[in-house]
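Printed here is start21.cif (mmCIF, C-alpha atoms and all ligand atoms):
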```cif
data_query
loop_
_atom_site.label_atom_id
_atom_site.label_comp_id
_atom_site.auth_asym_id
_atom_site.auth_seq_id
_atom_site.Cartn_x
_atom_site.Cartn_y
_atom_site.Cartn_z
CA MET A 1 4.30 -0.65 -35.13
CA PRO A 2 6.48 -3.15 -33.23
CA ASN A 3 4.59 -6.43 -32.95
CA HIS A 4 4.88 -6.58 -29.16
CA ILE A 5 2.57 -3.58 -28.76
CA LYS A 6 -1.20 -4.00 -29.21
CA ILE A 7 -4.00 -1.50 -28.57
CA LEU A 8 -5.86 -3.54 -25.93
CA PRO A 9 -7.62 -6.89 -25.73
CA ASN A 10 -11.20 -6.55 -26.98
CA TYR A 11 -12.75 -7.41 -23.61
CA LEU A 12 -11.04 -4.42 -22.02
CA ILE A 13 -12.06 -2.09 -24.84
CA LYS A 14 -15.65 -3.26 -24.37
CA ARG A 15 -15.52 -2.75 -20.58
CA TYR A 16 -14.07 0.73 -20.99
CA GLN A 17 -16.72 1.70 -23.53
CA ASP A 18 -19.47 0.43 -21.22
CA TRP A 19 -18.02 2.47 -18.32
CA LYS A 20 -17.83 5.58 -20.51
CA VAL A 21 -21.52 5.49 -21.44
CA THR A 22 -22.73 4.60 -17.93
CA VAL A 23 -20.58 5.61 -14.91
CA TYR A 24 -18.78 8.42 -16.68
CA GLU A 25 -21.91 9.85 -18.33
CA GLU A 26 -23.86 9.78 -15.06
CA ASN A 27 -21.06 11.59 -13.19
CA LYS A 28 -19.75 13.81 -15.94
CA SER A 29 -19.94 17.01 -13.90
CA TRP A 30 -17.85 15.44 -11.11
CA TYR A 31 -15.17 14.35 -13.60
CA ASN A 32 -15.14 17.83 -15.12
CA LYS A 33 -14.84 19.40 -11.69
CA ILE A 34 -11.86 17.25 -10.62
CA ALA A 35 -10.24 17.76 -14.03
CA ASN A 36 -10.48 21.54 -13.73
CA GLU A 37 -9.82 21.95 -10.03
CA GLY A 38 -7.14 19.27 -9.69
CA GLN A 39 -7.00 16.57 -7.07
CA ASN A 40 -7.51 17.25 -3.41
CA PRO A 41 -7.41 13.85 -1.70
CA HIS A 42 -7.52 13.78 2.08
CA ALA A 43 -5.93 10.37 2.41
CA MET A 44 -3.04 8.44 0.98
CA ILE A 45 -3.26 4.66 0.92
CA ILE A 46 -0.20 2.45 0.69
CA SER A 47 -1.43 -0.99 -0.30
CA CYS A 48 -0.03 -4.16 -1.84
CA CYS A 49 0.12 -4.67 -5.62
CA ASP A 50 -1.97 -7.80 -5.04
CA SER A 51 -4.90 -7.79 -7.46
CA ARG A 52 -7.31 -8.85 -4.70
CA ILE A 53 -6.88 -5.60 -2.78
CA HIS A 54 -9.48 -3.12 -3.91
CA ALA A 55 -9.24 -0.17 -1.51
CA THR A 56 -11.53 2.15 -3.48
CA SER A 57 -14.26 -0.50 -3.55
CA MET A 58 -13.86 -1.33 0.18
CA PHE A 59 -14.36 2.29 1.17
CA GLY A 60 -16.81 3.17 -1.59
CA ALA A 61 -14.43 5.88 -2.76
CA ASP A 62 -14.90 8.11 -5.78
CA SER A 63 -12.22 9.28 -8.17
CA GLY A 64 -10.19 11.98 -6.49
CA GLU A 65 -10.66 10.71 -2.92
CA PHE A 66 -7.57 8.56 -2.33
CA PHE A 67 -4.00 9.07 -3.41
CA ILE A 68 -2.94 5.44 -3.78
CA HIS A 69 0.52 3.96 -3.92
CA ARG A 70 0.91 0.23 -4.35
CA ASN A 71 4.03 -1.87 -3.94
CA ILE A 72 4.89 -5.45 -3.06
CA ALA A 73 3.75 -6.15 0.52
CA ASN A 74 2.67 -2.48 1.15
CA LEU A 75 6.01 -1.47 2.62
CA VAL A 76 7.46 1.92 3.49
CA PRO A 77 11.25 1.77 3.14
CA PRO A 78 13.56 3.51 5.61
CA TYR A 79 14.32 7.16 4.90
CA ASN A 80 17.40 6.99 2.67
CA PRO A 81 18.00 10.00 0.41
CA ASN A 82 20.93 8.45 -1.45
CA GLY A 83 20.16 9.54 -5.01
CA ASP A 84 18.69 6.19 -6.13
CA HIS A 85 15.21 5.92 -7.60
CA HIS A 86 12.75 5.61 -4.73
CA GLY A 87 9.17 5.23 -5.97
CA THR A 88 7.49 4.83 -2.59
CA SER A 89 9.45 7.68 -1.00
CA ALA A 90 8.60 9.93 -3.97
CA ALA A 91 4.88 9.13 -3.63
CA LEU A 92 5.04 9.88 0.10
CA GLU A 93 6.85 13.14 -0.45
CA TYR A 94 4.28 14.25 -3.03
CA ALA A 95 1.33 13.23 -0.84
CA VAL A 96 2.60 15.09 2.21
CA MET A 97 4.38 18.10 0.76
CA ILE A 98 2.22 18.89 -2.27
CA LEU A 99 -1.18 17.37 -1.62
CA HIS A 100 -1.06 17.88 2.17
CA VAL A 101 -3.00 14.70 2.89
CA SER A 102 -4.33 14.48 6.45
CA HIS A 103 -4.22 10.69 6.68
CA ILE A 104 -1.82 8.00 5.52
CA ILE A 105 -3.15 4.47 5.69
CA VAL A 106 -0.84 1.45 5.40
CA LEU A 107 -3.14 -1.37 4.29
CA GLY A 108 -1.86 -4.92 4.65
CA HIS A 109 -3.69 -8.14 3.86
CA SER A 110 -3.96 -11.88 4.41
CA ASN A 111 -2.36 -14.46 2.09
CA CYS A 112 0.22 -11.94 0.93
CA GLY A 113 2.84 -13.51 -1.34
CA GLY A 114 5.29 -10.70 -0.57
CA ILE A 115 4.99 -11.20 3.18
CA THR A 116 5.35 -14.99 2.83
CA SER A 117 8.47 -14.61 0.66
CA GLY A 118 9.85 -11.94 2.98
CA TYR A 119 9.33 -14.24 5.95
CA LYS A 120 11.31 -17.04 4.26
CA LEU A 121 13.98 -14.59 3.21
CA CYS A 122 14.46 -13.35 6.77
CA LYS A 123 14.10 -16.72 8.47
CA ASP A 124 16.21 -18.95 6.23
CA ASN A 125 18.17 -16.23 4.46
CA GLN A 126 17.01 -17.75 1.19
CA ILE A 127 18.17 -15.67 -1.73
CA SER A 128 16.64 -16.46 -5.10
CA ASN A 129 18.80 -15.21 -7.96
CA GLU A 130 15.68 -15.09 -10.10
CA LEU A 131 13.93 -12.30 -8.20
CA LYS A 132 16.65 -9.76 -7.55
CA PHE A 133 14.38 -6.71 -7.30
CA VAL A 134 11.77 -8.47 -5.18
CA ASN A 135 14.36 -9.85 -2.75
CA LYS A 136 16.07 -6.51 -2.38
CA TRP A 137 12.71 -4.84 -1.73
CA LEU A 138 11.70 -7.44 0.85
CA GLU A 139 14.85 -6.76 2.87
CA ILE A 140 12.81 -3.88 4.32
CA LEU A 141 11.12 -6.60 6.36
CA LYS A 142 14.28 -7.54 8.27
CA PRO A 143 13.59 -5.28 11.29
CA ALA A 144 10.01 -6.65 11.36
CA TYR A 145 11.42 -10.17 11.50
CA LYS A 146 13.79 -9.21 14.31
CA ASN A 147 10.87 -7.96 16.45
CA PHE A 148 8.71 -10.85 15.40
CA SER A 149 11.20 -13.63 16.11
CA LYS A 150 11.60 -12.41 19.70
CA ASN A 151 8.00 -13.52 20.28
CA ALA A 152 8.01 -16.41 17.81
CA ASN A 153 6.79 -19.05 20.28
CA GLN A 154 3.43 -17.44 20.74
CA PHE A 155 2.54 -17.65 17.05
CA ASP A 156 0.81 -20.41 15.09
CA GLU A 157 2.38 -22.74 12.59
CA ASP A 158 1.62 -20.29 9.81
CA PRO A 159 3.08 -17.09 11.21
CA THR A 160 2.66 -14.93 8.13
CA GLU A 161 -0.49 -13.20 9.39
CA ASP A 162 1.28 -11.92 12.50
CA PHE A 163 4.42 -11.19 10.54
CA GLY A 164 2.37 -9.13 8.05
CA LYS A 165 0.89 -7.14 10.92
CA GLU A 166 4.35 -6.56 12.42
CA SER A 167 5.52 -5.28 9.03
CA ILE A 168 2.76 -2.63 9.04
CA LYS A 169 4.14 -1.32 12.34
CA ILE A 170 7.65 -1.19 10.84
CA SER A 171 6.34 0.71 7.80
CA ILE A 172 4.59 3.23 10.05
CA ASN A 173 7.78 3.59 12.06
CA ASN A 174 9.82 4.15 8.87
CA LEU A 175 7.28 6.72 7.76
CA THR A 176 7.84 8.83 10.84
CA ASP A 177 11.56 9.12 9.96
CA PHE A 178 10.87 11.07 6.77
CA PRO A 179 11.51 14.71 7.75
CA PHE A 180 8.45 16.07 5.90
CA ALA A 181 6.22 13.46 7.58
CA LYS A 182 7.78 14.16 10.97
CA SER A 183 7.11 17.86 10.52
CA ALA A 184 3.46 17.32 9.48
CA LEU A 185 2.96 14.91 12.40
CA ASN A 186 4.44 17.40 14.88
CA LYS A 187 2.08 20.09 13.60
CA ASN A 188 -0.90 17.71 13.93
CA GLU A 189 -1.55 18.03 10.21
CA LEU A 190 -1.12 14.32 9.58
CA VAL A 191 -2.33 11.09 11.22
CA LEU A 192 -1.10 7.58 10.45
CA HIS A 193 -3.23 4.43 10.36
CA GLY A 194 -2.42 0.72 10.06
CA LEU A 195 -5.04 -1.60 8.61
CA TRP A 196 -5.01 -5.32 7.92
CA TYR A 197 -7.60 -6.90 5.65
CA ASP A 198 -8.60 -10.58 5.57
CA ILE A 199 -9.46 -11.37 1.97
CA GLY A 200 -11.58 -14.47 2.60
CA SER A 201 -13.76 -13.13 5.42
CA GLY A 202 -13.75 -9.46 4.44
CA THR A 203 -12.70 -8.60 8.00
CA LEU A 204 -10.81 -5.36 8.50
CA GLU A 205 -8.57 -4.80 11.52
CA ALA A 206 -7.03 -1.51 12.62
CA LEU A 207 -3.90 -0.87 14.63
CA ASP A 208 -4.98 0.33 18.07
CA PRO A 209 -2.44 2.91 19.28
CA SER A 210 -3.02 2.13 22.97
CA SER A 211 -2.21 -1.58 22.75
CA MET A 212 -0.31 -1.53 19.42
CA LYS A 213 -2.40 -4.57 18.49
CA PHE A 214 -4.82 -4.99 15.59
CA VAL A 215 -8.51 -4.88 16.49
CA LYS A 216 -11.56 -5.65 14.35
CA ILE A 217 -13.53 -2.65 13.19
ZN ZN A 301 0.32 -8.58 -0.75
#
```
Could you take the file, read its structure, and then write that structure out as structure tokens?
Ligand SMILES: [Zn+2]
Amino acid sequence: MPNHIKILPNYLIKRYQDWKVTVYEENKSWYNKIANEGQNPHAMIISCCDSRIHATSMFGADSGEFFIHRNIANLVPPYNPNGDHHGTSAALEYAVMILHVSHIIVLGHSNCGGITSGYKLCKDNQISNELKFVNKWLEILKPAYKNFSKNANQFDEDPTEDFGKESIKISINNLTDFPFAKSALNKNELVLHGLWYDIGSGTLEALDPSSMKFVKI
């Protein structure tokens, strides 16, 4: 075996074994059911890779309830079928065309490193040679910055909270450009939601379609 591959650290083996004899054992019939019948989630969640975002815990969700895609800064890229590898677009396509989810939730959060870096990238055009993939990915935020900078005066010294919320609107807008999403939306088979979560206070805000502002729920 190559020496850079190990089975698992012992603490994770122990946690898994504890889960197997408790949670799994107590819900065995549910796990058997979803194994045999396949998944049938009603909602897709697009959240940040950030380890502090725990969507299943926040909504008390069981296995099989949410189809979750995570990426840096919970972004939906523009529709661009150019033959490159598009992980987020592939997850969206699968959720809408195969799983027929009824809801797609874009879940942003406070203190997001991706949003902060994206803000600097757009504002100062700072390009770090070190993070080529991250920087390229965060270019999705450029239209969000354009909208945001028009109203820049009304924001606080740390504008990343508002910028993060603006980026959720851009992601939702990009989502509607995917033909399969557009078709499901036109047939009223799909609804989109924007959420923003404050890690420290546990507050959750939702995008209100009438004002296009985020309101506490
Ligand atoms: Zn984040």
**OP:** Please identify the residues whose atoms come within 9 Å of ligand ZN 301 (chain A), using only C-alpha atoms and all ligand atoms, and report them as a PyMOL selection string.
**Re:** chain A and resi 47-53+71-74+108-116
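Among A:Asp177, A:Glu161, A:Asp124, A:Glu65, the residue with the shortest atom-to-atom distance to A:Val101, counting only C-alpha atoms, is A:Glu65.
Nearest to A:Ile45 of all the residues A:Asn80, A:Thr88, A:Asn32, A:Gln126 is A:Thr88, based on all atoms listed in the file.
Residues with any atom within 10 Å of A:Gln39, counting only C-alpha atoms and excluding same-chain neighbours fewer than 3 positions away, are Lys33, Ile34, Ala35, Asn36, His42, Ser63, Gly64, Glu65, Phe66, Phe67 and Leu99 of chain A.
Considering only C-alpha atoms, the residue among A:Lys20, A:Lys6, A:Lys216, A:His100 positioned nearest to A:Leu190 is A:His100.
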**OP:** Go through A:Val21, A:Ile172, A:Met97, A:Cys122 and flag the residue nearest A:Thr160, using only C-alpha atoms for the distances.
**Re:** A:Cys122
Subject >> Computed interatomic separation between atom CA of A:Tyr31 and atom CA of A:Asp62 (Å) >> reply: 10.0 Å
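As for atom CA of A:His103 and atom CA of A:Gly202, they are spaced 22.4 Å apart.
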**OP:** In the coordinates of the file, take the point (-6.7, 2.4, 15.6) and a cut-off of 12 Å; then, counting only C-alpha atoms, name each qualifying protein, DNA or RNA residue as a list in words.
**Re:** Ile105, Val106, Lys169, Val191, Leu192, His193, Gly194, Leu195, Trp196, Leu204, Glu205, Ala206, Leu207, Asp208, Pro209, Ser210, Ser211, Met212, Lys213, Phe214, Val215, Lys216 and Ile217 of chain A
Contacts between stretch 91-94 of chain A and stretch 38-85 of chain A, please, where a residue of stretch 38-85 of chain A counts if it comes within 10 Å (with all atoms listed in the file); show its shortest atom pair and distance in Å to one decimal, rows by chain and ascending number, as a tab-separated table.
```
residue	atom	partner	partner_atom	distance
A:Met44	CA	A:Leu92	CA	8.3
A:Ile45	CA	A:Leu92	CA	9.8
A:Ile46	CA	A:Leu92	CA	9.1
A:Phe67	CA	A:Ala91	CA	8.9
A:Ile68	CA	A:Ala91	CA	8.6
A:His69	CA	A:Ala91	CA	6.8
A:Arg70	CA	A:Ala91	CA	9.8
A:Val76	CA	A:Leu92	CA	9.0
```
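One finds atom CA of A:Lys187 at 16.0 Å from atom CA of A:Ala95.
For the residues A:Leu75, A:Ser201, A:Lys14, A:Asn129, ranking by smallest atom-to-atom distance to A:Ala144 using only C-alpha atoms places A:Leu75 first.
Closest approach to A:Ser171 from the set A:Lys28, A:His54, A:Lys142, A:His4 is made by A:Lys142, with distances taken over all atoms listed in the file.
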Can stretch 141-152 of chain A be brought up to all heavy atoms and written out as a PDB file, keeping the file's coordinate frame?
```
ATOM      1  N   LEU A 141      11.805  -5.857   5.300  1.00  0.00           N
ATOM      2  CA  LEU A 141      11.120  -6.600   6.360  1.00  0.00           C
ATOM      3  C   LEU A 141      12.050  -7.091   7.469  1.00  0.00           C
ATOM      4  O   LEU A 141      11.574  -7.588   8.498  1.00  0.00           O
ATOM      5  CB  LEU A 141      10.397  -7.808   5.750  1.00  0.00           C
ATOM      6  CG  LEU A 141       9.145  -7.481   4.936  1.00  0.00           C
ATOM      7  CD1 LEU A 141       8.733  -8.674   4.099  1.00  0.00           C
ATOM      8  CD2 LEU A 141       8.012  -7.064   5.861  1.00  0.00           C
ATOM      9  N   LYS A 142      13.355  -6.963   7.275  1.00  0.00           N
ATOM     10  CA  LYS A 142      14.280  -7.540   8.270  1.00  0.00           C
ATOM     11  C   LYS A 142      14.049  -7.037   9.701  1.00  0.00           C
ATOM     12  O   LYS A 142      14.007  -7.842  10.628  1.00  0.00           O
ATOM     13  CB  LYS A 142      15.737  -7.346   7.830  1.00  0.00           C
ATOM     14  CG  LYS A 142      16.118  -8.361   6.758  1.00  0.00           C
ATOM     15  CD  LYS A 142      17.578  -8.304   6.380  1.00  0.00           C
ATOM     16  CE  LYS A 142      17.893  -9.451   5.429  1.00  0.00           C
ATOM     17  NZ  LYS A 142      19.219  -9.330   4.825  1.00  0.00           N
ATOM     18  N   PRO A 143      13.863  -5.720   9.914  1.00  0.00           N
ATOM     19  CA  PRO A 143      13.590  -5.280  11.290  1.00  0.00           C
ATOM     20  C   PRO A 143      12.270  -5.862  11.830  1.00  0.00           C
ATOM     21  O   PRO A 143      12.150  -6.140  13.026  1.00  0.00           O
ATOM     22  CB  PRO A 143      13.485  -3.755  11.176  1.00  0.00           C
ATOM     23  CG  PRO A 143      14.121  -3.413   9.884  1.00  0.00           C
ATOM     24  CD  PRO A 143      13.976  -4.600   8.994  1.00  0.00           C
ATOM     25  N   ALA A 144      11.294  -6.059  10.928  1.00  0.00           N
ATOM     26  CA  ALA A 144      10.010  -6.650  11.360  1.00  0.00           C
ATOM     27  C   ALA A 144      10.267  -8.079  11.834  1.00  0.00           C
ATOM     28  O   ALA A 144       9.723  -8.524  12.844  1.00  0.00           O
ATOM     29  CB  ALA A 144       9.002  -6.643  10.215  1.00  0.00           C
ATOM     30  N   TYR A 145      11.135  -8.785  11.121  1.00  0.00           N
ATOM     31  CA  TYR A 145      11.420 -10.170  11.500  1.00  0.00           C
ATOM     32  C   TYR A 145      12.143 -10.227  12.851  1.00  0.00           C
ATOM     33  O   TYR A 145      11.882 -11.100  13.673  1.00  0.00           O
ATOM     34  CB  TYR A 145      12.258 -10.866  10.429  1.00  0.00           C
ATOM     35  CG  TYR A 145      12.472 -12.315  10.771  1.00  0.00           C
ATOM     36  CD1 TYR A 145      11.450 -13.238  10.620  1.00  0.00           C
ATOM     37  CD2 TYR A 145      13.680 -12.746  11.323  1.00  0.00           C
ATOM     38  CE1 TYR A 145      11.606 -14.554  10.993  1.00  0.00           C
ATOM     39  CE2 TYR A 145      13.854 -14.062  11.699  1.00  0.00           C
ATOM     40  CZ  TYR A 145      12.815 -14.971  11.528  1.00  0.00           C
ATOM     41  OH  TYR A 145      12.976 -16.270  11.913  1.00  0.00           O
ATOM     42  N   LYS A 146      13.028  -9.263  13.055  1.00  0.00           N
ATOM     43  CA  LYS A 146      13.790  -9.210  14.310  1.00  0.00           C
ATOM     44  C   LYS A 146      12.815  -9.080  15.500  1.00  0.00           C
ATOM     45  O   LYS A 146      12.897  -9.839  16.457  1.00  0.00           O
ATOM     46  CB  LYS A 146      14.722  -7.987  14.271  1.00  0.00           C
ATOM     47  CG  LYS A 146      16.091  -8.260  14.784  1.00  0.00           C
ATOM     48  CD  LYS A 146      16.948  -7.050  14.515  1.00  0.00           C
ATOM     49  CE  LYS A 146      18.127  -7.037  15.465  1.00  0.00           C
ATOM     50  NZ  LYS A 146      18.888  -5.819  15.361  1.00  0.00           N
ATOM     51  N   ASN A 147      11.880  -8.143  15.385  1.00  0.00           N
ATOM     52  CA  ASN A 147      10.870  -7.960  16.450  1.00  0.00           C
ATOM     53  C   ASN A 147      10.024  -9.207  16.598  1.00  0.00           C
ATOM     54  O   ASN A 147       9.733  -9.657  17.695  1.00  0.00           O
ATOM     55  CB  ASN A 147       9.899  -6.825  16.090  1.00  0.00           C
ATOM     56  CG  ASN A 147      10.527  -5.482  16.330  1.00  0.00           C
ATOM     57  OD1 ASN A 147      11.603  -5.399  16.882  1.00  0.00           O
ATOM     58  ND2 ASN A 147       9.835  -4.440  15.905  1.00  0.00           N
ATOM     59  N   PHE A 148       9.640  -9.734  15.459  1.00  0.00           N
ATOM     60  CA  PHE A 148       8.710 -10.850  15.400  1.00  0.00           C
ATOM     61  C   PHE A 148       9.325 -12.108  16.013  1.00  0.00           C
ATOM     62  O   PHE A 148       8.684 -12.814  16.786  1.00  0.00           O
ATOM     63  CB  PHE A 148       8.362 -11.061  13.937  1.00  0.00           C
ATOM     64  CG  PHE A 148       7.453 -12.206  13.695  1.00  0.00           C
ATOM     65  CD1 PHE A 148       6.100 -12.082  13.923  1.00  0.00           C
ATOM     66  CD2 PHE A 148       7.947 -13.412  13.240  1.00  0.00           C
ATOM     67  CE1 PHE A 148       5.259 -13.141  13.705  1.00  0.00           C
ATOM     68  CE2 PHE A 148       7.109 -14.477  13.014  1.00  0.00           C
ATOM     69  CZ  PHE A 148       5.761 -14.333  13.255  1.00  0.00           C
ATOM     70  N   SER A 149      10.589 -12.381  15.661  1.00  0.00           N
ATOM     71  CA  SER A 149      11.200 -13.630  16.110  1.00  0.00           C
ATOM     72  C   SER A 149      11.420 -13.658  17.621  1.00  0.00           C
ATOM     73  O   SER A 149      11.481 -14.717  18.219  1.00  0.00           O
ATOM     74  CB  SER A 149      12.508 -13.897  15.351  1.00  0.00           C
ATOM     75  OG  SER A 149      13.353 -12.789  15.487  1.00  0.00           O
ATOM     76  N   LYS A 150      11.471 -12.470  18.236  1.00  0.00           N
ATOM     77  CA  LYS A 150      11.600 -12.410  19.700  1.00  0.00           C
ATOM     78  C   LYS A 150      10.403 -13.078  20.376  1.00  0.00           C
ATOM     79  O   LYS A 150      10.499 -13.619  21.453  1.00  0.00           O
ATOM     80  CB  LYS A 150      11.644 -10.939  20.162  1.00  0.00           C
ATOM     81  CG  LYS A 150      13.009 -10.314  20.051  1.00  0.00           C
ATOM     82  CD  LYS A 150      12.930  -8.902  20.683  1.00  0.00           C
ATOM     83  CE  LYS A 150      13.812  -7.964  19.900  1.00  0.00           C
ATOM     84  NZ  LYS A 150      13.370  -6.578  19.965  1.00  0.00           N
ATOM     85  N   ASN A 151       9.227 -12.970  19.705  1.00  0.00           N
ATOM     86  CA  ASN A 151       8.000 -13.520  20.280  1.00  0.00           C
ATOM     87  C   ASN A 151       7.513 -14.747  19.507  1.00  0.00           C
ATOM     88  O   ASN A 151       6.343 -15.089  19.547  1.00  0.00           O
ATOM     89  CB  ASN A 151       6.886 -12.462  20.257  1.00  0.00           C
ATOM     90  CG  ASN A 151       7.318 -11.183  20.932  1.00  0.00           C
ATOM     91  OD1 ASN A 151       7.804 -11.236  22.047  1.00  0.00           O
ATOM     92  ND2 ASN A 151       7.162 -10.064  20.264  1.00  0.00           N
ATOM     93  N   ALA A 152       8.416 -15.372  18.773  1.00  0.00           N
ATOM     94  CA  ALA A 152       8.010 -16.410  17.810  1.00  0.00           C
ATOM     95  C   ALA A 152       7.204 -17.531  18.432  1.00  0.00           C
ATOM     96  O   ALA A 152       6.312 -18.076  17.786  1.00  0.00           O
ATOM     97  CB  ALA A 152       9.245 -16.964  17.113  1.00  0.00           C
TER      98      ALA A 152
END
```
